[in-house]
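Trainee: What follows is work.cif, made up of mmCIF, C-alpha atoms:
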```
data_protein
loop_
_atom_site.label_atom_id
_atom_site.label_comp_id
_atom_site.auth_asym_id
_atom_site.auth_seq_id
_atom_site.Cartn_x
_atom_site.Cartn_y
_atom_site.Cartn_z
CA MET A 229 -13.81 8.12 34.59
CA SER A 230 -13.91 7.73 38.35
CA ASN A 231 -10.21 8.60 38.41
CA LYS A 232 -10.70 12.10 37.13
CA ASP A 233 -9.51 13.36 40.50
CA ASN A 234 -6.02 12.17 39.55
CA TRP A 235 -5.92 14.75 36.82
CA LYS A 236 -4.59 17.78 38.58
CA ILE A 237 -4.65 21.29 37.22
CA TRP A 238 -1.67 22.83 35.47
CA GLU A 239 -1.02 26.44 34.53
CA VAL A 240 0.25 26.91 31.01
CA PHE A 241 2.78 29.49 29.83
CA ILE A 242 3.62 30.02 26.17
CA ARG A 243 6.47 31.88 24.55
CA SER A 244 5.07 33.15 21.29
CA ARG A 245 8.43 33.93 19.72
CA ASN A 246 12.07 34.38 20.52
CA GLY A 247 12.82 37.47 22.53
CA LEU A 248 9.48 37.48 24.32
CA SER A 249 8.89 35.98 27.72
CA HIS A 250 6.54 33.12 28.46
CA LYS A 251 3.03 34.37 29.10
CA HIS A 252 0.28 32.73 31.07
CA VAL A 253 -2.41 31.55 28.66
CA GLY A 254 -4.68 29.40 30.79
CA SER A 255 -4.89 26.10 32.58
CA LEU A 256 -5.73 22.48 31.87
CA HIS A 257 -6.03 19.00 33.38
CA ALA A 258 -3.34 16.33 33.11
CA PRO A 259 -2.14 13.43 35.25
CA ASP A 260 1.55 14.34 34.90
CA ALA A 261 3.95 16.87 33.39
CA ASP A 262 4.49 14.97 30.13
CA MET A 263 0.84 14.88 29.30
CA ALA A 264 0.39 18.44 30.51
CA ILE A 265 2.87 19.55 27.83
CA LYS A 266 1.11 17.49 25.16
CA ASN A 267 -2.30 18.77 26.24
CA ALA A 268 -1.01 22.33 26.23
CA ARG A 269 0.30 21.79 22.72
CA ASP A 270 -3.12 20.59 21.59
CA VAL A 271 -5.22 23.09 23.50
CA TYR A 272 -3.15 26.28 23.27
CA THR A 273 -0.81 26.13 20.25
CA ARG A 274 -3.05 24.90 17.45
CA ARG A 275 -2.89 28.21 15.64
CA SER A 276 0.87 28.70 15.76
CA GLU A 277 0.66 30.61 19.04
CA GLY A 278 3.95 29.42 20.40
CA ILE A 279 7.45 28.04 20.13
CA SER A 280 7.93 27.03 23.76
CA ILE A 281 5.64 25.75 26.50
CA TRP A 282 5.99 25.74 30.28
CA VAL A 283 3.59 23.93 32.54
CA VAL A 284 3.44 24.38 36.30
CA PRO A 285 1.20 22.50 38.74
CA SER A 286 -1.36 25.06 39.89
CA ASP A 287 -0.91 24.09 43.52
CA GLU A 288 2.79 24.97 43.29
CA ILE A 289 1.94 28.58 42.66
CA THR A 290 2.03 30.97 45.59
CA ALA A 291 -0.34 33.87 45.01
CA SER A 292 -0.59 37.18 46.77
CA ASN A 293 -3.46 37.59 49.16
CA PRO A 294 -6.24 39.83 47.74
CA GLU A 295 -6.89 41.13 51.25
CA GLU A 296 -3.43 42.65 51.25
CA ASN A 297 -3.99 44.52 48.00
CA GLU A 298 -3.97 47.92 49.70
CA PRO A 299 -0.60 47.70 51.40
CA LEU A 300 0.87 45.80 48.45
CA PHE A 301 -0.28 47.88 45.52
CA THR A 302 -1.83 51.25 46.31
CA PRO A 303 1.36 52.95 47.55
CA ALA A 304 2.62 52.80 43.94
CA ASP A 305 -0.36 54.74 42.62
CA ASP A 306 0.81 58.23 43.57
CA LYS A 307 4.41 57.78 42.47
CA VAL A 308 4.18 58.81 38.83
CA TYR A 309 7.90 59.46 38.73
CA ARG A 310 8.43 55.71 38.72
CA HIS A 311 6.90 55.51 35.26
CA PRO A 312 9.42 56.26 32.51
CA THR A 313 6.86 58.34 30.65
CA PHE A 314 9.27 61.23 30.23
CA TYR A 315 11.51 59.33 27.84
CA ASP A 316 11.05 58.71 24.13
CA ILE A 317 11.83 55.10 23.38
CA PRO A 318 13.31 54.59 19.91
CA ASP A 319 11.27 52.18 17.76
CA GLU A 320 14.28 49.91 17.24
CA ILE A 321 14.26 48.99 20.92
CA GLY A 322 11.06 47.05 20.47
CA HIS A 323 9.76 45.33 23.59
CA MET A 324 11.15 46.52 26.90
CA MET B 46 1.89 3.04 -14.55
CA GLN B 47 -0.63 5.89 -14.14
CA LYS B 48 -3.24 3.31 -13.15
CA GLU B 49 -1.03 1.93 -10.38
CA LEU B 50 -0.02 5.39 -9.23
CA LEU B 51 -3.67 6.38 -8.99
CA GLN B 52 -4.51 3.29 -6.92
CA TYR B 53 -1.52 3.83 -4.69
CA THR B 54 -2.42 7.47 -4.10
CA LEU B 55 -6.03 6.56 -3.38
CA ARG B 56 -4.91 4.00 -0.79
CA LEU B 57 -2.86 6.62 1.01
CA GLY B 58 -5.62 9.20 0.71
CA ASP B 59 -8.43 6.86 1.77
CA ASN B 60 -6.48 5.72 4.82
CA ALA B 61 -6.22 9.33 5.93
CA LEU B 62 -9.84 10.16 5.04
CA ILE B 63 -11.50 7.18 6.68
CA LEU B 64 -9.44 7.36 9.86
CA GLY B 65 -10.11 11.10 10.02
CA GLN B 66 -13.83 10.47 9.69
CA ARG B 67 -13.76 7.84 12.45
CA LEU B 68 -11.77 10.04 14.81
CA GLY B 69 -14.15 12.91 14.11
CA GLU B 70 -16.87 10.84 15.77
CA TRP B 71 -15.08 11.41 19.08
CA CYS B 72 -15.47 15.16 18.80
CA GLY B 73 -17.51 16.25 21.81
CA HIS B 74 -17.33 12.75 23.34
CA GLY B 75 -13.72 12.48 24.55
CA PRO B 76 -13.14 11.26 28.10
CA VAL B 77 -11.74 14.66 29.11
CA LEU B 78 -11.78 17.98 27.29
CA GLU B 79 -8.03 18.00 26.65
CA GLN B 80 -8.08 14.58 24.97
CA ASP B 81 -11.19 15.44 23.03
CA ILE B 82 -9.22 18.31 21.51
CA ALA B 83 -6.13 16.15 21.01
CA LEU B 84 -8.07 13.56 19.05
CA SER B 85 -9.93 16.18 17.04
CA ASN B 86 -6.55 17.68 16.14
CA ILE B 87 -5.37 14.32 14.89
CA ALA B 88 -8.61 13.91 12.93
CA LEU B 89 -8.02 17.27 11.26
CA ASP B 90 -4.42 16.34 10.43
CA GLN B 91 -5.72 13.19 8.75
CA LEU B 92 -8.28 15.16 6.76
CA GLY B 93 -5.57 17.60 5.69
CA GLN B 94 -3.46 14.73 4.41
CA ALA B 95 -6.51 13.19 2.73
CA ARG B 96 -7.16 16.44 0.88
CA MET B 97 -3.63 16.67 -0.51
CA LEU B 98 -3.68 13.04 -1.61
CA LEU B 99 -7.16 13.12 -3.13
CA GLN B 100 -6.32 16.34 -4.96
CA TYR B 101 -3.37 14.51 -6.45
CA ALA B 102 -5.52 11.47 -7.25
CA ALA B 103 -8.05 13.74 -8.98
CA GLU B 104 -5.24 15.29 -10.99
CA ILE B 105 -3.99 11.87 -12.12
CA LYS B 106 -7.51 10.76 -12.95
CA GLY B 107 -8.08 13.91 -14.98
CA GLY B 108 -11.38 15.05 -16.44
CA ASP B 109 -13.70 16.81 -14.03
CA TYR B 110 -12.56 14.88 -10.98
CA THR B 111 -11.97 16.84 -7.78
CA GLU B 112 -11.01 15.91 -4.24
CA ASP B 113 -14.63 16.34 -3.17
CA LYS B 114 -15.94 14.13 -5.93
CA LEU B 115 -13.50 11.44 -4.84
CA ALA B 116 -14.31 11.81 -1.17
CA PHE B 117 -18.07 12.01 -1.42
CA HIS B 118 -19.20 10.42 -4.67
CA ARG B 119 -17.42 7.09 -4.78
CA ASP B 120 -19.18 3.87 -3.80
CA ILE B 121 -17.94 1.48 -1.18
CA THR B 122 -16.01 -0.84 -3.52
CA GLU B 123 -14.08 2.13 -4.90
CA TYR B 124 -12.47 2.88 -1.52
CA HIS B 125 -9.01 1.49 -0.89
CA ASN B 126 -8.37 2.10 2.80
CA LEU B 127 -7.15 -0.55 5.24
CA LEU B 128 -9.96 -2.42 6.98
CA LEU B 129 -8.45 -1.57 10.37
CA LEU B 130 -9.31 2.08 9.89
CA GLU B 131 -13.00 1.65 9.13
CA LEU B 132 -13.74 -0.43 12.24
CA GLU B 133 -15.96 1.16 14.86
CA ASN B 134 -14.23 3.26 17.49
CA GLY B 135 -15.23 1.08 20.44
CA ASP B 136 -14.02 2.37 23.79
CA TRP B 137 -11.09 4.75 24.34
CA ALA B 138 -8.65 1.83 24.56
CA LYS B 139 -9.74 0.45 21.20
CA THR B 140 -9.48 3.85 19.53
CA ILE B 141 -6.01 4.28 21.03
CA ALA B 142 -4.94 0.76 20.02
CA ARG B 143 -6.04 1.28 16.42
CA GLN B 144 -4.29 4.62 16.35
CA PHE B 145 -1.07 3.18 17.74
CA LEU B 146 -0.98 0.17 15.41
CA PHE B 147 -1.67 2.36 12.39
CA ASP B 148 0.40 5.41 13.40
CA THR B 149 3.46 3.21 13.88
CA PHE B 150 2.97 1.72 10.42
CA ASN B 151 2.21 5.11 8.93
CA TYR B 152 5.31 6.66 10.49
CA PHE B 153 7.59 4.13 8.82
CA GLN B 154 5.59 4.29 5.60
CA TYR B 155 5.85 8.08 5.30
CA SER B 156 9.49 8.01 6.37
CA ALA B 157 10.08 5.79 3.34
CA LEU B 158 7.95 8.04 1.11
CA LEU B 159 10.30 10.94 1.91
CA GLU B 160 12.54 9.24 -0.68
CA SER B 161 9.78 8.66 -3.24
CA LYS B 162 10.68 9.39 -6.84
CA ASP B 163 7.25 10.90 -7.35
CA ASP B 164 7.62 14.63 -6.62
CA THR B 165 4.09 15.15 -5.33
CA ILE B 166 4.07 12.13 -3.03
CA ARG B 167 7.48 13.12 -1.71
CA ALA B 168 6.28 16.67 -1.05
CA ILE B 169 3.14 15.43 0.73
CA ALA B 170 5.26 13.06 2.82
CA GLN B 171 7.56 15.92 3.85
CA LYS B 172 4.59 17.87 5.12
CA ALA B 173 2.77 14.92 6.71
CA ILE B 174 5.69 13.28 8.49
CA LYS B 175 5.80 15.95 11.20
CA GLU B 176 2.15 15.38 12.04
CA ILE B 177 2.47 11.62 11.85
CA THR B 178 5.52 11.65 14.13
CA TYR B 179 3.45 13.44 16.75
CA HIS B 180 0.49 11.07 16.32
CA ALA B 181 2.76 8.06 16.75
CA GLN B 182 4.27 9.48 19.95
CA TRP B 183 0.88 10.43 21.31
CA SER B 184 -0.76 7.06 20.72
CA ALA B 185 2.26 5.05 21.92
CA GLU B 186 2.29 7.04 25.15
CA TRP B 187 -1.38 6.27 25.70
CA VAL B 188 -0.84 2.56 25.10
CA ILE B 189 1.86 2.60 27.77
CA ARG B 190 -0.26 4.60 30.20
CA LEU B 191 -3.30 2.38 29.85
CA GLY B 192 -1.39 -0.91 29.66
CA ASP B 193 0.75 -0.03 32.65
CA GLY B 194 -2.10 1.70 34.45
CA THR B 195 -4.89 0.30 36.58
CA GLU B 196 -6.25 -3.24 36.45
CA GLU B 197 -9.22 -1.97 34.44
CA SER B 198 -7.17 0.05 31.95
CA HIS B 199 -4.73 -2.84 31.50
CA LYS B 200 -7.54 -5.24 30.72
CA ARG B 201 -9.16 -2.87 28.24
CA MET B 202 -5.88 -2.18 26.48
CA LYS B 203 -5.06 -5.88 26.31
CA ASP B 204 -8.49 -6.70 24.86
CA ALA B 205 -8.19 -3.89 22.33
CA ILE B 206 -4.77 -5.00 21.06
CA ASN B 207 -5.91 -8.61 20.86
CA ASP B 208 -9.15 -7.72 19.06
CA LEU B 209 -7.44 -5.54 16.49
CA TRP B 210 -4.45 -7.75 15.85
CA GLU B 211 -6.01 -9.70 12.97
CA TRP B 212 -6.61 -6.40 11.16
CA THR B 213 -2.93 -5.39 11.17
CA GLY B 214 -1.57 -7.97 8.73
CA GLU B 215 -3.21 -6.24 5.78
CA MET B 216 -0.88 -3.26 6.18
CA PHE B 217 2.12 -5.34 5.12
CA MET B 218 0.64 -7.50 2.38
CA ALA B 219 2.06 -6.24 -0.86
CA ASP B 220 -0.07 -6.84 -3.93
CA GLU B 221 0.75 -6.10 -7.56
CA ILE B 222 0.24 -2.37 -7.10
CA ASP B 223 2.54 -2.16 -4.08
CA THR B 224 5.18 -4.17 -5.92
CA LYS B 225 5.03 -2.05 -9.07
CA MET B 226 5.19 1.18 -7.10
CA LEU B 227 8.15 -0.12 -5.13
CA GLU B 228 9.96 -1.13 -8.32
CA ALA B 229 9.33 2.32 -9.77
CA GLY B 230 10.90 3.88 -6.67
CA ILE B 231 7.62 5.59 -5.82
CA GLY B 232 6.15 3.39 -3.12
CA ALA B 233 7.37 2.18 0.26
CA ASP B 234 8.89 -1.25 0.89
CA LEU B 235 6.29 -3.01 3.04
CA GLY B 236 8.75 -5.76 3.94
CA ASN B 237 11.13 -3.26 5.52
CA ILE B 238 8.26 -1.50 7.25
CA LYS B 239 7.06 -4.78 8.72
CA THR B 240 10.47 -5.40 10.32
CA LEU B 241 10.55 -1.90 11.81
CA TRP B 242 6.92 -2.09 12.92
CA ASP B 243 7.40 -5.47 14.63
CA GLU B 244 10.32 -4.11 16.57
CA LYS B 245 8.60 -0.88 17.63
CA VAL B 246 5.29 -2.49 18.56
CA ALA B 247 7.07 -5.17 20.62
CA GLN B 248 9.03 -2.46 22.43
CA ILE B 249 5.98 -0.33 23.27
CA LEU B 250 3.83 -3.29 24.32
CA ALA B 251 6.64 -4.47 26.61
CA MET B 252 6.73 -1.02 28.21
CA ALA B 253 2.96 -1.23 28.56
CA THR B 254 3.29 -4.65 30.27
CA LEU B 255 1.18 -6.14 27.48
CA LYS B 256 1.80 -9.43 25.68
CA LEU B 257 2.61 -9.28 22.00
CA PRO B 258 -0.04 -11.32 20.14
CA THR B 259 1.53 -14.06 18.03
CA ASP B 260 -1.36 -15.07 15.78
CA ASP B 261 -0.54 -13.94 12.25
CA TRP B 262 -3.78 -14.73 10.49
CA ALA B 263 -5.00 -11.56 8.78
CA GLN B 264 -8.22 -10.03 7.52
CA THR B 265 -7.67 -8.56 4.07
CA GLY B 266 -9.51 -6.86 1.24
CA GLY B 267 -9.74 -3.16 2.08
CA LYS B 268 -6.92 -2.12 -0.22
CA GLN B 269 -8.66 -3.90 -3.08
CA GLY B 270 -12.09 -2.45 -2.30
CA GLU B 271 -13.71 -5.25 -0.27
CA HIS B 272 -14.90 -3.75 2.98
CA THR B 273 -16.47 -4.68 6.30
CA GLU B 274 -20.09 -4.17 7.26
CA TYR B 275 -19.05 -1.03 9.17
CA MET B 276 -17.86 0.82 6.10
CA GLY B 277 -21.32 1.30 4.59
CA PHE B 278 -22.58 3.10 7.69
CA LEU B 279 -19.49 5.26 7.81
CA LEU B 280 -19.91 6.30 4.17
CA ALA B 281 -23.62 6.94 4.62
CA GLU B 282 -22.90 9.41 7.37
CA MET B 283 -19.93 10.98 5.58
CA GLN B 284 -21.58 11.25 2.17
CA HIS B 285 -25.27 11.82 2.70
CA LEU B 286 -25.17 15.60 2.64
CA PRO B 287 -23.11 16.16 -0.52
CA ARG B 288 -25.02 13.37 -2.23
CA MET B 289 -28.42 14.74 -1.33
CA TYR B 290 -27.44 18.33 -2.08
CA PRO B 291 -24.63 18.13 -4.65
CA GLU B 292 -24.53 21.93 -5.01
CA ALA B 293 -24.43 22.60 -1.26
CA GLN B 294 -21.97 25.27 -0.25
CA TRP B 295 -20.45 25.71 3.19
#
```
I'd like the structure from this file rewritten - as structure tokens, please.

Mentor:
Amino acid sequence: MSNKDNWKIWEVFIRSRNGLSHKHVGSLHAPDADMAIKNARDVYTRRSEGISIWVVPSDEITASNPEENEPLFTPADDKVYRHPTFYDIPDEIGHM
Amino acid sequence: MQKELLQYTLRLGDNALILGQRLGEWCGHGPVLEQDIALSNIALDQLGQARMLLQYAAEIKGGDYTEDKLAFHRDITEYHNLLLLELENGDWAKTIARQFLFDTFNYFQYSALLESKDDTIRAIAQKAIKEITYHAQWSAEWVIRLGDGTEESHKRMKDAINDLWEWTGEMFMADEIDTKMLEAGIGADLGNIKTLWDEKVAQILAMATLKLPTDDWAQTGGKQGEHTEYMGFLLAEMQHLPRMYPEAQW
């Protein structure tokens, strides 16, 4: 398998049931999108984990820079009023 | 009629069992992790189908027969699988070629069995057809990828299809049991399946830039219990534990 380099990495997102959003579950190798979907089906949905699959080439993802964590994230830490912890959410609402 | 139904069920069950056993040999040896898992999944699907069919065969046979007894305590001449399925795996191309040639047949066969007048076979077909549809798509895609791939992959795929071709004719040769089951509305019409299979295989091989072999000489015997030299080794590996320790528990 000298051509293994052709198999790029894909990030896999699975929707476990209607009403929920797709969640990142992991990554895998595949030469193209079609096989990435099939591989994701075989690797990540064998135990009825999902009803919909998204695959995205890993190199298409833009990630935040860990070095900027302070300016990006810490200002939110002391703003408790942004958390809706003062409300009771009725059970019927389910996932928010 | 019970005798023919039993034979027919064993043929279906043994096809699934023996192919499942062969594919299981790839577990841990696939060319990449993802395909190792894909093939192991297919192997497990085949074993699941084998279980349902051998349970039914045991029920028809009666007495103290069980699926396990049928799977592990029959001798070579009592197996009724197609010869194609007991052949050694060879390289990835050969495993894919065997899978594609059989999956395509099996897809049309189980599509026909959805109309079977036998309630159990019809119910098994309804469950199995979803798996088989996926297998057939998966293996056809691989044939196209390898055939229409690099010079090396094209050559390997071409060799694999050519090598296996003489083992495909057996799938369509109806003997007395096939004929009786067809007349009873239980079995599939192999003549129809052959027409559909020819068309599909020609289409996929064309997409894979591979030539359709034209030689129609066929190796036969598996369905009637006459097997290749490879079958004995396969059974030895599959059966040695339950035969040596009949009371062994998982």

Trainee: Would you list the contacts of Asp234 (chain B) as a VMD selection string, taking every protein, DNA or RNA residue within 10 Å and counting all atoms listed in the file, but skipping same-chain residues closer than 2 positions in sequence?

Mentor: chain B and resid 153 to 154 157 to 158 217 219 223 to 224 226 to 228 230 to 232 236 to 239

Trainee: Would you please work out which residue, of B:Tyr101, B:Tyr275, B:Tyr124, B:Trp137, is nearest to Leu68 (chain B) when using only C-alpha atoms?

Mentor: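 Looking only at the distances to Leu68 (chain B), the closest residue turns out to be B:Trp137.
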
Trainee: Smallest atom-to-atom distance to chain A: which of B:Leu127, B:Leu57, B:Ile82, B:Leu50, using only C-alpha atoms?

Mentor: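 Of all the options, B:Ile82 lies closest to chain A.
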
Trainee: Provide the CA of Glu292 (chain B) to CA of Thr111 (chain B) distance in Å, to one decimal place.

Mentor: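 One can read the CA of Glu292 (chain B) to CA of Thr111 (chain B) distance as 13.8 Å.
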
Trainee: Give me, as a PyMOL selection string, all polymer residues having an atom no more than 9 Å from Gly58 (chain B), counting only C-alpha atoms and skipping those fewer than 5 positions away in the same chain.

Mentor: chain B and resi 53+63+91-92+94-99+102+125-126

Trainee: Rebuild region 283-299 of chain A so that it carries N, CA and C atoms, then output the result as a PDB file, keeping the file's coordinate frame.

Mentor:
```pdb
ATOM      1  N   VAL A 283       4.750  24.270  31.726  1.00  0.00           N
ATOM      2  CA  VAL A 283       3.590  23.930  32.540  1.00  0.00           C
ATOM      3  C   VAL A 283       4.022  23.867  34.002  1.00  0.00           C
ATOM      4  N   VAL A 284       3.152  24.346  34.867  1.00  0.00           N
ATOM      5  CA  VAL A 284       3.440  24.380  36.300  1.00  0.00           C
ATOM      6  C   VAL A 284       2.201  23.884  37.045  1.00  0.00           C
ATOM      7  N   PRO A 285       2.386  22.940  37.982  1.00  0.00           N
ATOM      8  CA  PRO A 285       1.200  22.500  38.740  1.00  0.00           C
ATOM      9  C   PRO A 285       0.595  23.706  39.454  1.00  0.00           C
ATOM     10  N   SER A 286      -0.708  23.870  39.319  1.00  0.00           N
ATOM     11  CA  SER A 286      -1.360  25.060  39.890  1.00  0.00           C
ATOM     12  C   SER A 286      -1.114  25.173  41.388  1.00  0.00           C
ATOM     13  N   ASP A 287      -1.066  24.006  42.063  1.00  0.00           N
ATOM     14  CA  ASP A 287      -0.910  24.090  43.520  1.00  0.00           C
ATOM     15  C   ASP A 287       0.521  24.413  43.944  1.00  0.00           C
ATOM     16  N   GLU A 288       1.418  24.549  42.975  1.00  0.00           N
ATOM     17  CA  GLU A 288       2.790  24.970  43.290  1.00  0.00           C
ATOM     18  C   GLU A 288       2.942  26.485  43.215  1.00  0.00           C
ATOM     19  N   ILE A 289       1.860  27.132  42.810  1.00  0.00           N
ATOM     20  CA  ILE A 289       1.940  28.580  42.660  1.00  0.00           C
ATOM     21  C   ILE A 289       1.545  29.267  43.970  1.00  0.00           C
ATOM     22  N   THR A 290       2.373  30.171  44.418  1.00  0.00           N
ATOM     23  CA  THR A 290       2.030  30.970  45.590  1.00  0.00           C
ATOM     24  C   THR A 290       1.496  32.307  45.102  1.00  0.00           C
ATOM     25  N   ALA A 291       0.285  32.631  45.493  1.00  0.00           N
ATOM     26  CA  ALA A 291      -0.340  33.870  45.010  1.00  0.00           C
ATOM     27  C   ALA A 291      -0.406  34.896  46.133  1.00  0.00           C
ATOM     28  N   SER A 292      -0.433  36.133  45.750  1.00  0.00           N
ATOM     29  CA  SER A 292      -0.590  37.180  46.770  1.00  0.00           C
ATOM     30  C   SER A 292      -2.012  37.140  47.311  1.00  0.00           C
ATOM     31  N   ASN A 293      -2.165  37.622  48.504  1.00  0.00           N
ATOM     32  CA  ASN A 293      -3.460  37.590  49.160  1.00  0.00           C
ATOM     33  C   ASN A 293      -4.263  38.847  48.788  1.00  0.00           C
ATOM     34  N   PRO A 294      -5.445  38.666  48.179  1.00  0.00           N
ATOM     35  CA  PRO A 294      -6.240  39.830  47.740  1.00  0.00           C
ATOM     36  C   PRO A 294      -6.530  40.787  48.896  1.00  0.00           C
ATOM     37  N   GLU A 295      -6.606  40.254  50.105  1.00  0.00           N
ATOM     38  CA  GLU A 295      -6.890  41.130  51.250  1.00  0.00           C
ATOM     39  C   GLU A 295      -5.744  42.096  51.535  1.00  0.00           C
ATOM     40  N   GLU A 296      -4.582  41.765  51.026  1.00  0.00           N
ATOM     41  CA  GLU A 296      -3.430  42.650  51.250  1.00  0.00           C
ATOM     42  C   GLU A 296      -3.192  43.598  50.085  1.00  0.00           C
ATOM     43  N   ASN A 297      -4.176  43.690  49.202  1.00  0.00           N
ATOM     44  CA  ASN A 297      -3.990  44.520  48.000  1.00  0.00           C
ATOM     45  C   ASN A 297      -3.608  45.963  48.335  1.00  0.00           C
ATOM     46  N   GLU A 298      -4.240  46.506  49.376  1.00  0.00           N
ATOM     47  CA  GLU A 298      -3.970  47.920  49.700  1.00  0.00           C
ATOM     48  C   GLU A 298      -2.503  48.151  50.043  1.00  0.00           C
ATOM     49  N   PRO A 299      -2.001  47.468  51.083  1.00  0.00           N
ATOM     50  CA  PRO A 299      -0.600  47.700  51.400  1.00  0.00           C
ATOM     51  C   PRO A 299       0.350  47.288  50.267  1.00  0.00           C
TER      52      PRO A 299
END
```
